[in-house]
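Dropping structure28.pdb in here (PDB, C-alpha atoms):
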```pdb
ATOM      1  CA  MET A   1      74.410  80.911 173.752
ATOM      2  CA  ASN A   2      74.357  83.755 171.197
ATOM      3  CA  ILE A   3      71.637  82.010 169.215
ATOM      4  CA  ALA A   4      69.488  81.651 172.339
ATOM      5  CA  VAL A   5      69.822  85.375 173.069
ATOM      6  CA  LEU A   6      68.989  86.208 169.444
ATOM      7  CA  VAL A   7      65.901  83.974 169.479
ATOM      8  CA  SER A   8      64.666  85.497 172.745
ATOM      9  CA  LEU A   9      65.168  89.024 171.378
ATOM     10  CA  VAL A  10      63.242  88.199 168.197
ATOM     11  CA  GLY A  11      60.456  86.698 170.288
ATOM     12  CA  THR A  12      60.336  89.763 172.504
ATOM     13  CA  VAL A  13      60.201  92.180 169.590
ATOM     14  CA  SER A  14      57.496  90.197 167.802
ATOM     15  CA  CYS A  15      55.071  90.791 170.677
ATOM     16  CA  PHE A  16      54.918  94.464 169.642
ATOM     17  CA  ALA A  17      54.028  93.742 166.029
ATOM     18  CA  PRO A  18      50.391  94.358 165.073
ATOM     19  CA  ALA A  19      48.289  91.236 164.966
ATOM     20  CA  GLN A  20      47.699  89.882 161.493
ATOM     21  CA  THR A  21      43.964  89.320 161.448
ATOM     22  CA  GLY A  22      41.577  88.654 158.635
ATOM     23  CA  ARG A  23      39.047  91.204 157.533
ATOM     24  CA  ALA A  24      35.883  91.313 159.619
ATOM     25  CA  ALA A  25      32.737  90.509 157.681
ATOM     26  CA  THR A  26      30.579  93.325 159.028
ATOM     27  CA  ASN A  27      28.548  96.187 157.669
ATOM     28  CA  LEU A  28      31.175  98.548 159.055
ATOM     29  CA  ALA A  29      33.869  97.251 156.668
ATOM     30  CA  VAL A  30      36.792  99.193 158.133
ATOM     31  CA  SER A  31      39.403  99.490 155.425
ATOM     32  CA  GLU A  32      42.976 100.738 155.364
ATOM     33  CA  LEU A  33      41.596 104.064 154.101
ATOM     34  CA  GLU A  34      39.579 104.591 157.287
ATOM     35  CA  LEU A  35      40.225 107.865 159.089
ATOM     36  CA  GLY A  36      42.841 107.715 161.794
ATOM     37  CA  VAL A  37      44.706 104.816 160.230
ATOM     38  CA  THR A  38      48.378 105.654 160.114
ATOM     39  CA  GLU A  39      51.423 103.911 158.791
ATOM     40  CA  PRO A  40      53.198 101.691 159.722
ATOM     41  CA  LEU A  41      50.572 100.123 162.011
ATOM     42  CA  GLY A  42      47.589 100.306 159.698
ATOM     43  CA  VAL A  43      44.420  99.542 161.618
ATOM     44  CA  PHE A  44      45.696  99.425 165.191
ATOM     45  CA  ASP A  45      43.387  97.072 167.066
ATOM     46  CA  PRO A  46      45.481  95.204 169.644
ATOM     47  CA  LEU A  47      42.440  93.909 171.556
ATOM     48  CA  GLY A  48      40.613  92.671 168.455
ATOM     49  CA  TRP A  49      37.504  94.796 169.043
ATOM     50  CA  LEU A  50      36.843  95.266 165.322
ATOM     51  CA  GLU A  51      36.108  91.560 165.070
ATOM     52  CA  THR A  52      34.422  91.029 168.419
ATOM     53  CA  GLU A  53      32.500  94.326 168.744
ATOM     54  CA  PRO A  54      32.364  96.022 165.317
ATOM     55  CA  GLU A  55      29.163  97.904 166.183
ATOM     56  CA  ALA A  56      31.003  99.820 168.949
ATOM     57  CA  PHE A  57      33.792 101.073 166.660
ATOM     58  CA  GLU A  58      31.949 104.200 165.568
ATOM     59  CA  ARG A  59      31.261 105.266 169.149
ATOM     60  CA  ARG A  60      34.859 104.602 170.207
ATOM     61  CA  ARG A  61      36.096 106.719 167.301
ATOM     62  CA  ALA A  62      33.738 109.549 168.323
ATOM     63  CA  VAL A  63      34.972 109.351 171.915
ATOM     64  CA  GLU A  64      38.582 109.382 170.705
ATOM     65  CA  ARG A  65      37.878 112.470 168.596
ATOM     66  CA  LYS A  66      36.192 114.286 171.492
ATOM     67  CA  HIS A  67      38.961 113.395 173.961
ATOM     68  CA  GLY A  68      41.515 114.572 171.413
ATOM     69  CA  ARG A  69      39.776 117.935 171.084
ATOM     70  CA  VAL A  70      39.706 118.379 174.863
ATOM     71  CA  ALA A  71      43.371 117.340 175.114
ATOM     72  CA  MET A  72      44.412 119.835 172.421
ATOM     73  CA  ALA A  73      42.687 122.621 174.368
ATOM     74  CA  ALA A  74      44.330 121.385 177.581
ATOM     75  CA  VAL A  75      47.808 121.469 176.047
ATOM     76  CA  VAL A  76      47.309 125.033 174.834
ATOM     77  CA  GLY A  77      45.859 126.009 178.226
ATOM     78  CA  THR A  78      48.816 124.489 180.043
ATOM     79  CA  ILE A  79      51.316 126.329 177.857
ATOM     80  CA  VAL A  80      49.472 129.633 178.334
ATOM     81  CA  HIS A  81      49.048 129.219 182.105
ATOM     82  CA  GLN A  82      52.643 128.075 182.648
ATOM     83  CA  ASN A  83      53.769 131.298 180.990
ATOM     84  CA  HIS A  84      51.699 133.226 183.557
ATOM     85  CA  ILE A  85      49.290 134.631 180.983
ATOM     86  CA  THR A  86      46.071 135.171 182.934
ATOM     87  CA  PHE A  87      42.802 137.037 182.640
ATOM     88  CA  ASP A  88      42.470 140.319 184.455
ATOM     89  CA  GLY A  89      39.929 140.496 187.230
ATOM     90  CA  TYR A  90      38.437 138.079 189.705
ATOM     91  CA  LEU A  91      37.734 134.402 189.421
ATOM     92  CA  SER A  92      35.575 134.740 192.527
ATOM     93  CA  LYS A  93      34.778 138.223 193.837
ATOM     94  CA  SER A  94      33.197 136.833 197.036
ATOM     95  CA  ALA A  95      36.309 134.768 197.820
ATOM     96  CA  ASP A  96      38.591 137.644 196.751
ATOM     97  CA  LEU A  97      40.322 135.254 194.324
ATOM     98  CA  LYS A  98      41.891 136.781 191.220
ATOM     99  CA  PHE A  99      42.782 134.761 188.125
ATOM    100  CA  SER A 100      46.416 135.646 188.765
ATOM    101  CA  ASP A 101      46.187 134.024 192.241
ATOM    102  CA  VAL A 102      45.459 130.576 190.821
ATOM    103  CA  PRO A 103      48.626 128.445 190.943
ATOM    104  CA  VAL A 104      49.970 126.997 187.725
ATOM    105  CA  GLY A 105      49.795 123.282 186.991
ATOM    106  CA  VAL A 106      47.675 120.548 188.470
ATOM    107  CA  ASP A 107      47.390 122.345 191.819
ATOM    108  CA  GLY A 108      45.341 125.102 190.185
ATOM    109  CA  ILE A 109      42.159 123.016 190.382
ATOM    110  CA  ARG A 110      42.339 123.089 194.181
ATOM    111  CA  ALA A 111      42.203 126.893 194.233
ATOM    112  CA  ILE A 112      38.863 127.098 192.411
ATOM    113  CA  PRO A 113      35.875 127.488 194.768
ATOM    114  CA  THR A 114      33.287 124.708 194.842
ATOM    115  CA  ALA A 115      30.669 126.891 193.146
ATOM    116  CA  GLY A 116      33.129 127.537 190.310
ATOM    117  CA  LEU A 117      33.775 123.819 189.850
ATOM    118  CA  ALA A 118      30.005 123.224 189.796
ATOM    119  CA  GLN A 119      29.658 125.842 187.031
ATOM    120  CA  ILE A 120      32.424 124.178 185.024
ATOM    121  CA  LEU A 121      30.766 120.763 185.359
ATOM    122  CA  ALA A 122      27.363 122.240 184.417
ATOM    123  CA  PHE A 123      28.949 123.768 181.299
ATOM    124  CA  PHE A 124      30.514 120.408 180.388
ATOM    125  CA  ALA A 125      27.124 118.726 180.814
ATOM    126  CA  LEU A 126      25.451 121.343 178.611
ATOM    127  CA  VAL A 127      28.049 120.896 175.882
ATOM    128  CA  GLU A 128      27.888 117.089 176.119
ATOM    129  CA  LEU A 129      24.110 116.844 176.113
ATOM    130  CA  ALA A 130      23.017 119.719 173.899
ATOM    131  CA  TRP A 131      25.719 121.117 171.634
ATOM    132  CA  MET A 132      27.987 118.105 171.057
ATOM    133  CA  PRO A 133      25.877 115.071 171.940
ATOM    134  CA  ALA A 134      27.656 111.754 172.371
ATOM    135  CA  SER A 135      25.176 110.157 169.964
ATOM    136  CA  LYS A 136      26.516 112.281 167.062
ATOM    137  CA  TYR A 137      29.355 110.055 165.926
ATOM    138  CA  ASP A 138      30.604 111.898 162.840
ATOM    139  CA  GLY A 139      32.106 114.753 164.870
ATOM    140  CA  ASP A 140      30.551 117.417 162.615
ATOM    141  CA  TYR A 141      28.725 119.773 164.965
ATOM    142  CA  GLY A 142      27.875 122.373 162.340
ATOM    143  CA  VAL A 143      30.601 124.871 163.221
ATOM    144  CA  GLY A 144      32.806 124.118 160.224
ATOM    145  CA  TYR A 145      36.555 124.430 159.995
ATOM    146  CA  PHE A 146      37.281 127.879 161.443
ATOM    147  CA  GLY A 147      33.851 128.939 160.231
ATOM    148  CA  THR A 148      34.159 127.520 156.704
ATOM    149  CA  ASP A 149      32.502 124.394 155.393
ATOM    150  CA  ILE A 150      34.831 122.042 153.523
ATOM    151  CA  LYS A 151      33.154 120.778 150.361
ATOM    152  CA  ASP A 152      35.980 118.656 148.911
ATOM    153  CA  PRO A 153      35.717 115.141 150.440
ATOM    154  CA  GLU A 154      39.461 114.467 150.063
ATOM    155  CA  GLU A 155      40.413 117.665 151.854
ATOM    156  CA  LYS A 156      37.838 117.013 154.585
ATOM    157  CA  ALA A 157      39.161 113.471 155.091
ATOM    158  CA  ARG A 158      42.731 114.798 155.286
ATOM    159  CA  LYS A 159      41.791 117.443 157.860
ATOM    160  CA  LEU A 160      39.820 114.930 159.944
ATOM    161  CA  ASN A 161      42.796 112.553 159.834
ATOM    162  CA  VAL A 162      45.108 115.361 160.939
ATOM    163  CA  GLU A 163      42.688 116.211 163.757
ATOM    164  CA  LEU A 164      42.617 112.619 164.987
ATOM    165  CA  ASN A 165      46.395 112.299 164.926
ATOM    166  CA  ASN A 166      46.936 115.680 166.592
ATOM    167  CA  GLY A 167      44.372 114.690 169.215
ATOM    168  CA  ARG A 168      46.250 111.469 169.898
ATOM    169  CA  ALA A 169      49.495 113.388 170.281
ATOM    170  CA  ALA A 170      47.800 115.938 172.554
ATOM    171  CA  GLN A 171      46.388 113.172 174.772
ATOM    172  CA  MET A 172      49.873 111.777 175.276
ATOM    173  CA  GLY A 173      51.289 115.287 175.645
ATOM    174  CA  ILE A 174      48.894 116.470 178.346
ATOM    175  CA  LEU A 175      49.331 113.184 180.213
ATOM    176  CA  GLY A 176      53.101 113.681 180.178
ATOM    177  CA  MET A 177      52.767 117.308 181.274
ATOM    178  CA  MET A 178      50.521 116.356 184.185
ATOM    179  CA  VAL A 179      52.813 113.538 185.313
ATOM    180  CA  HIS A 180      55.898 115.760 185.222
ATOM    181  CA  ASP A 181      54.043 118.556 186.989
ATOM    182  CA  VAL A 182      53.070 116.210 189.829
ATOM    183  CA  LEU A 183      56.522 114.588 190.032
ATOM    184  CA  ASP A 184      58.756 117.647 190.059
ATOM    185  CA  GLY A 185      56.596 120.725 189.592
ATOM    186  CA  LYS A 186      57.766 121.262 186.015
ATOM    187  CA  PRO A 187      55.370 120.155 183.264
ATOM    188  CA  PHE A 188      57.952 120.786 180.559
ATOM    189  CA  ILE A 189      60.850 118.436 181.075
ATOM    190  CA  PHE A 190      63.688 120.606 179.790
ATOM    191  CA  ILE A 191      62.282 124.056 180.576
ATOM    192  CA  ASP A 192      62.251 125.564 184.041
ATOM    193  CA  SER A 193      58.966 127.475 184.074
ATOM    194  CA  ASN A 194      59.084 128.471 187.742
TER
END
```

Could you rewrite the structure in this file as structure tokens?
Amino acid sequence: MNIAVLVSLVGTVSCFAPAQTGRAATNLAVSELELGVTEPLGVFDPLGWLETEPEAFERRRAVERKHGRVAMAAVVGTIVHQNHITFDGYLSKSADLKFSDVPVGVDGIRAIPTAGLAQILAFFALVELAWMPASKYDGDYGVGYFGTDIKDPEEKARKLNVELNNGRAAQMGILGMMVHDVLDGKPFIFIDSN
């Protein structure tokens, strides 16, 4: 009986191990030194897309980087807004809506007038199409790292790797904050921000 339980536990745990696949023979040649590869998983590709769709890897990495940047801004915005730090003045003068009147959390989006949401979406479209086009896969949009250009390739690779990993953490973080905000009105599990 104990052996059967042990065997079933080993079988269950092995389903979470990364798949041992051979190296894809493509021009992309993703190696263990590729950006975003972290220990202990190495190249994390549970669906096998590097072998079946290697040409799409670069675009998926660019999308991951962009989503990570948005998520990092969202986490900072959530922390700031939950601490009731707001802009002075009006969000909409015609609707007599001040920035301080916007509720914290997920419900805040419902307080923004339709014209304001349209402006936000237009800004997103402008950024996506003109300033940070989706076709630019390297993620370098000419703004540098806090205004400075990094010349050393090792340092640049390290900073890009840090950015990818922080973006991944921020994506999970903002998802958790939104879920907890919807469930119990507190985005931070152990802190009562109300």

Close residues, Gln171 (chain A) itself excluded, 9 Å, only C-alpha atoms, min 2 positions apart in chain, as an NGL selection string: :A and (67-72 or 74-75 or 166-169 or 173-176)

Ground truth for the PyMOL selection byres ((chain A and resi 82) around 9), written as a ChimeraX atom specification: /A:77-81,83-85,104-105,187,193-194

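A straight line drawn from CA of Phe87 (chain A) to CA of Ser100 (chain A) is 7.2 Å long.
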
Residue among A:Leu117, A:Pro54, A:Gly108, A:Glu128 lying closest to Val182 (chain A), counting all atoms listed in the file: A:Gly108

I'd like to know which of A:Ser94, A:Leu121, A:Leu164, A:Arg59 is closest to Pro133 (chain A), using all atoms listed in the file.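 The shortest atom-to-atom distance to Pro133 (chain A) comes from A:Arg59.
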
Could you jot down the CA of Lys156 (chain A) to CA of Val37 (chain A) separation for me, Å, one decimal place?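 So the two atoms, CA of Lys156 (chain A) and CA of Val37 (chain A), lie 15.1 Å apart.
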
Between CA of Val127 (chain A) and CA of Thr114 (chain A), what distance in Å does the model show, to one decimal? 20.0 Å

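Taking all atoms listed in the file into account, the residues near (46.2, 135.0, 194.5), no farther than 12 Å, are Thr86, Asp88, Gly89, Tyr90, Leu91, Ser92, Lys93, Ala95, Asp96, Leu97, Lys98, Phe99, Ser100, Asp101, Val102, Pro103, Val104, Gly108, Ala111 and Ile112 of chain A.
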
Lys159 (chain A) surroundings by all atoms listed in the file, 10 Å radius, close-in-sequence under 4 positions cut, as an NGL selection string: :A and (35 or 145 or 150 or 153-155 or 163-165)

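With distances taken over all atoms listed in the file, A:Val106 is the one residue among A:Ala118, A:Ser135, A:Val106, A:Gly42 lying closest to His180 (chain A).
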
Can you patch up region 172-183 of chain A, filling it in to all heavy atoms, and show the result as a PDB file, in the frame of the given file?
```pdb
ATOM      1  N   MET A 172      48.611 112.227 174.677  1.00  0.00           N
ATOM      2  CA  MET A 172      49.873 111.777 175.276  1.00  0.00           C
ATOM      3  C   MET A 172      50.637 112.970 175.869  1.00  0.00           C
ATOM      4  O   MET A 172      51.243 112.862 176.937  1.00  0.00           O
ATOM      5  CB  MET A 172      50.748 111.079 174.227  1.00  0.00           C
ATOM      6  CG  MET A 172      50.173 109.772 173.707  1.00  0.00           C
ATOM      7  SD  MET A 172      50.050 108.516 174.983  1.00  0.00           S
ATOM      8  CE  MET A 172      48.308 108.515 175.305  1.00  0.00           C
ATOM      9  N   GLY A 173      50.576 114.101 175.189  1.00  0.00           N
ATOM     10  CA  GLY A 173      51.289 115.287 175.645  1.00  0.00           C
ATOM     11  C   GLY A 173      50.767 115.814 176.968  1.00  0.00           C
ATOM     12  O   GLY A 173      51.534 116.109 177.883  1.00  0.00           O
ATOM     13  N   ILE A 174      49.445 115.933 177.103  1.00  0.00           N
ATOM     14  CA  ILE A 174      48.894 116.470 178.346  1.00  0.00           C
ATOM     15  C   ILE A 174      49.094 115.469 179.480  1.00  0.00           C
ATOM     16  O   ILE A 174      49.331 115.860 180.627  1.00  0.00           O
ATOM     17  CB  ILE A 174      47.409 116.892 178.195  1.00  0.00           C
ATOM     18  CG1 ILE A 174      46.966 117.754 179.384  1.00  0.00           C
ATOM     19  CG2 ILE A 174      46.493 115.704 178.037  1.00  0.00           C
ATOM     20  CD1 ILE A 174      47.681 119.052 179.507  1.00  0.00           C
ATOM     21  N   LEU A 175      49.048 114.184 179.181  1.00  0.00           N
ATOM     22  CA  LEU A 175      49.331 113.184 180.213  1.00  0.00           C
ATOM     23  C   LEU A 175      50.762 113.337 180.707  1.00  0.00           C
ATOM     24  O   LEU A 175      51.012 113.350 181.919  1.00  0.00           O
ATOM     25  CB  LEU A 175      49.103 111.776 179.666  1.00  0.00           C
ATOM     26  CG  LEU A 175      49.412 110.628 180.626  1.00  0.00           C
ATOM     27  CD1 LEU A 175      48.469 110.667 181.817  1.00  0.00           C
ATOM     28  CD2 LEU A 175      49.319 109.303 179.917  1.00  0.00           C
ATOM     29  N   GLY A 176      51.708 113.490 179.790  1.00  0.00           N
ATOM     30  CA  GLY A 176      53.101 113.681 180.178  1.00  0.00           C
ATOM     31  C   GLY A 176      53.305 114.962 180.967  1.00  0.00           C
ATOM     32  O   GLY A 176      54.040 114.985 181.958  1.00  0.00           O
ATOM     33  N   MET A 177      52.647 116.042 180.548  1.00  0.00           N
ATOM     34  CA  MET A 177      52.767 117.308 181.274  1.00  0.00           C
ATOM     35  C   MET A 177      52.234 117.185 182.695  1.00  0.00           C
ATOM     36  O   MET A 177      52.843 117.686 183.646  1.00  0.00           O
ATOM     37  CB  MET A 177      52.021 118.417 180.541  1.00  0.00           C
ATOM     38  CG  MET A 177      52.665 118.896 179.280  1.00  0.00           C
ATOM     39  SD  MET A 177      51.635 120.186 178.548  1.00  0.00           S
ATOM     40  CE  MET A 177      52.284 120.226 176.905  1.00  0.00           C
ATOM     41  N   MET A 178      51.105 116.504 182.850  1.00  0.00           N
ATOM     42  CA  MET A 178      50.521 116.356 184.185  1.00  0.00           C
ATOM     43  C   MET A 178      51.401 115.485 185.072  1.00  0.00           C
ATOM     44  O   MET A 178      51.608 115.793 186.250  1.00  0.00           O
ATOM     45  CB  MET A 178      49.099 115.777 184.075  1.00  0.00           C
ATOM     46  CG  MET A 178      48.125 116.778 183.515  1.00  0.00           C
ATOM     47  SD  MET A 178      46.434 116.223 183.154  1.00  0.00           S
ATOM     48  CE  MET A 178      46.207 114.712 183.946  1.00  0.00           C
ATOM     49  N   VAL A 179      51.941 114.411 184.524  1.00  0.00           N
ATOM     50  CA  VAL A 179      52.813 113.538 185.313  1.00  0.00           C
ATOM     51  C   VAL A 179      54.052 114.297 185.763  1.00  0.00           C
ATOM     52  O   VAL A 179      54.433 114.244 186.935  1.00  0.00           O
ATOM     53  CB  VAL A 179      53.193 112.270 184.509  1.00  0.00           C
ATOM     54  CG1 VAL A 179      54.337 111.527 185.159  1.00  0.00           C
ATOM     55  CG2 VAL A 179      51.985 111.361 184.367  1.00  0.00           C
ATOM     56  N   HIS A 180      54.689 115.022 184.843  1.00  0.00           N
ATOM     57  CA  HIS A 180      55.898 115.760 185.222  1.00  0.00           C
ATOM     58  C   HIS A 180      55.589 116.894 186.188  1.00  0.00           C
ATOM     59  O   HIS A 180      56.405 117.211 187.051  1.00  0.00           O
ATOM     60  CB  HIS A 180      56.623 116.279 183.979  1.00  0.00           C
ATOM     61  CG  HIS A 180      57.408 115.214 183.300  1.00  0.00           C
ATOM     62  ND1 HIS A 180      58.640 114.820 183.745  1.00  0.00           N
ATOM     63  CD2 HIS A 180      57.114 114.440 182.239  1.00  0.00           C
ATOM     64  CE1 HIS A 180      59.078 113.839 182.970  1.00  0.00           C
ATOM     65  NE2 HIS A 180      58.173 113.587 182.062  1.00  0.00           N
ATOM     66  N   ASP A 181      54.422 117.496 186.062  1.00  0.00           N
ATOM     67  CA  ASP A 181      54.043 118.556 186.989  1.00  0.00           C
ATOM     68  C   ASP A 181      53.880 117.997 188.400  1.00  0.00           C
ATOM     69  O   ASP A 181      54.313 118.607 189.370  1.00  0.00           O
ATOM     70  CB  ASP A 181      52.756 119.219 186.520  1.00  0.00           C
ATOM     71  CG  ASP A 181      52.401 120.436 187.341  1.00  0.00           C
ATOM     72  OD1 ASP A 181      53.324 121.124 187.809  1.00  0.00           O
ATOM     73  OD2 ASP A 181      51.202 120.707 187.519  1.00  0.00           O
ATOM     74  N   VAL A 182      53.264 116.824 188.510  1.00  0.00           N
ATOM     75  CA  VAL A 182      53.070 116.210 189.829  1.00  0.00           C
ATOM     76  C   VAL A 182      54.405 115.713 190.394  1.00  0.00           C
ATOM     77  O   VAL A 182      54.672 115.858 191.587  1.00  0.00           O
ATOM     78  CB  VAL A 182      52.049 115.051 189.744  1.00  0.00           C
ATOM     79  CG1 VAL A 182      52.029 114.243 191.022  1.00  0.00           C
ATOM     80  CG2 VAL A 182      50.657 115.602 189.448  1.00  0.00           C
ATOM     81  N   LEU A 183      55.258 115.149 189.546  1.00  0.00           N
ATOM     82  CA  LEU A 183      56.522 114.588 190.032  1.00  0.00           C
ATOM     83  C   LEU A 183      57.504 115.644 190.508  1.00  0.00           C
ATOM     84  O   LEU A 183      58.083 115.526 191.583  1.00  0.00           O
ATOM     85  CB  LEU A 183      57.186 113.738 188.948  1.00  0.00           C
ATOM     86  CG  LEU A 183      56.509 112.419 188.630  1.00  0.00           C
ATOM     87  CD1 LEU A 183      57.243 111.715 187.502  1.00  0.00           C
ATOM     88  CD2 LEU A 183      56.434 111.531 189.848  1.00  0.00           C
TER      89      LEU A 183
END
```
